[in-house]
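Peer 1: Dumping the structure here so I can ask a few things about it.
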Amino acid sequence: MKAVTLKRHLTESFKSLKRNGWMSVAAVSAVTVTLLLVGVLLSILMNINKVAHDIENDVQVRVVIDRGTTKEQKAQLKSELSKISGVKKVTYSSRQNELDNVIGVYGKDFQLFQGDQNPLYDVYVVDTTSPEKTVSVAKKAKTLKYVYDAKYGGASAKKLFKIVASIQRWGFVISLLLLFVAVFLISNTIRITILSRENEIAIMRLVGATNSYIRWPFILEGAWTGLLGAILPILLVDIAYYWVYGVLTSALASTNYHLLTPATFLWQIDLLLAVIGIVIGALGSGLSMRRFLKI
């Protein structure tokens, strides 16, 4: 495409945006609302994946020690646990520590279970080299002497991952529906533009203008509409995420779970929203041209 031709197409696309006034504003607004919802959904889904990954990697085997086991026997058990394939670290937690954890989570009502009233067991917390090792480590630990039971969070983790997968699927479907609505609205806006310039387009055809020469200003107009509609969602998503990140980072400070840092993924969201805006704008225009001009 020649520079002169490109300049003409760009000029015509800007003029058309201005000429259509409120219809262009309506189309931009539709894209804005759509992309804002899409941006929020993507931010939530990406962080759900991050937390789910943290939980997966944080799965541990809790080896419950028989009551009455002596210090020497506990030391022997720790040594045997450490030798199991896939074990990275073995940490001792006394029954009092276990009770303190319960009180911290469920409240002071459990403080009456002190001393001999404490129903909990001493525990070895076993970290594995990978989440896949937890099942085999737990099974091996159960066979060792002085072990009452060996538990791991694999079942809970699997349920969580199923929930995450379900959220991802529904999020994807909702995003597609929102994008379809935006394409439809942009398509209708461009349709009005085409109808208002029907005589002009007919004259251009008579003097030998090619289909692509007629089509490009409309496609560019749709692309501008989509890009303009992406600006506000990008700003709002960035501002909101920085605020949410600041609040939740403090709340999650004592855990092994963390949100994605803004610098690592917001630029990806911003770029994706801009590209989606341009694509659905151009697509809406293309559909209008194909349907109403039979080009």
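Letters A, B, ... mark the chains of the structure tokens in the order given; residue numbers begin at 1 per chain; ligand numbers begin at 1, in order shown.
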Which residues are near Ala230 in chain A? Cut-off 10 Å, only C-alpha atoms, ignore same chain within fewer than 6 positions. Put them as a list in words.

Peer 2: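 Listing them by chain and then by number gives Val28, Ser29, Val31, Thr32, Val33, Thr34, Leu35, Leu36, Gly39, Trp224, Asp270, Leu271, Leu272, Leu273, Ala274, Val275, Ile276, Gly277 and Ile278 of chain A.
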
Peer 1: Write out as an NGL selection string each polymer residue whose atoms come within 12 Å of Lys142 in chain A, counting only C-alpha atoms; drop sequence neighbours fewer than 3 positions from it.

Peer 2: :A and (61-66 or 77 or 80-81 or 84 or 135-139 or 145-152)

Peer 1: Quick one: of A:Tyr92, A:Arg215, A:Val59, A:Thr264, who's nearest to Ala75 in chain A, counting only C-alpha atoms?

Peer 2: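 Among the listed residues, A:Tyr92 lies closest to Ala75 in chain A.
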
Peer 1: So what do you get for CA of Leu227 in chain A versus CA of Ala240 in chain A, distance-wise?

Peer 2: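 Between CA of Leu227 in chain A and CA of Ala240 in chain A the gap is 20.3 Å.
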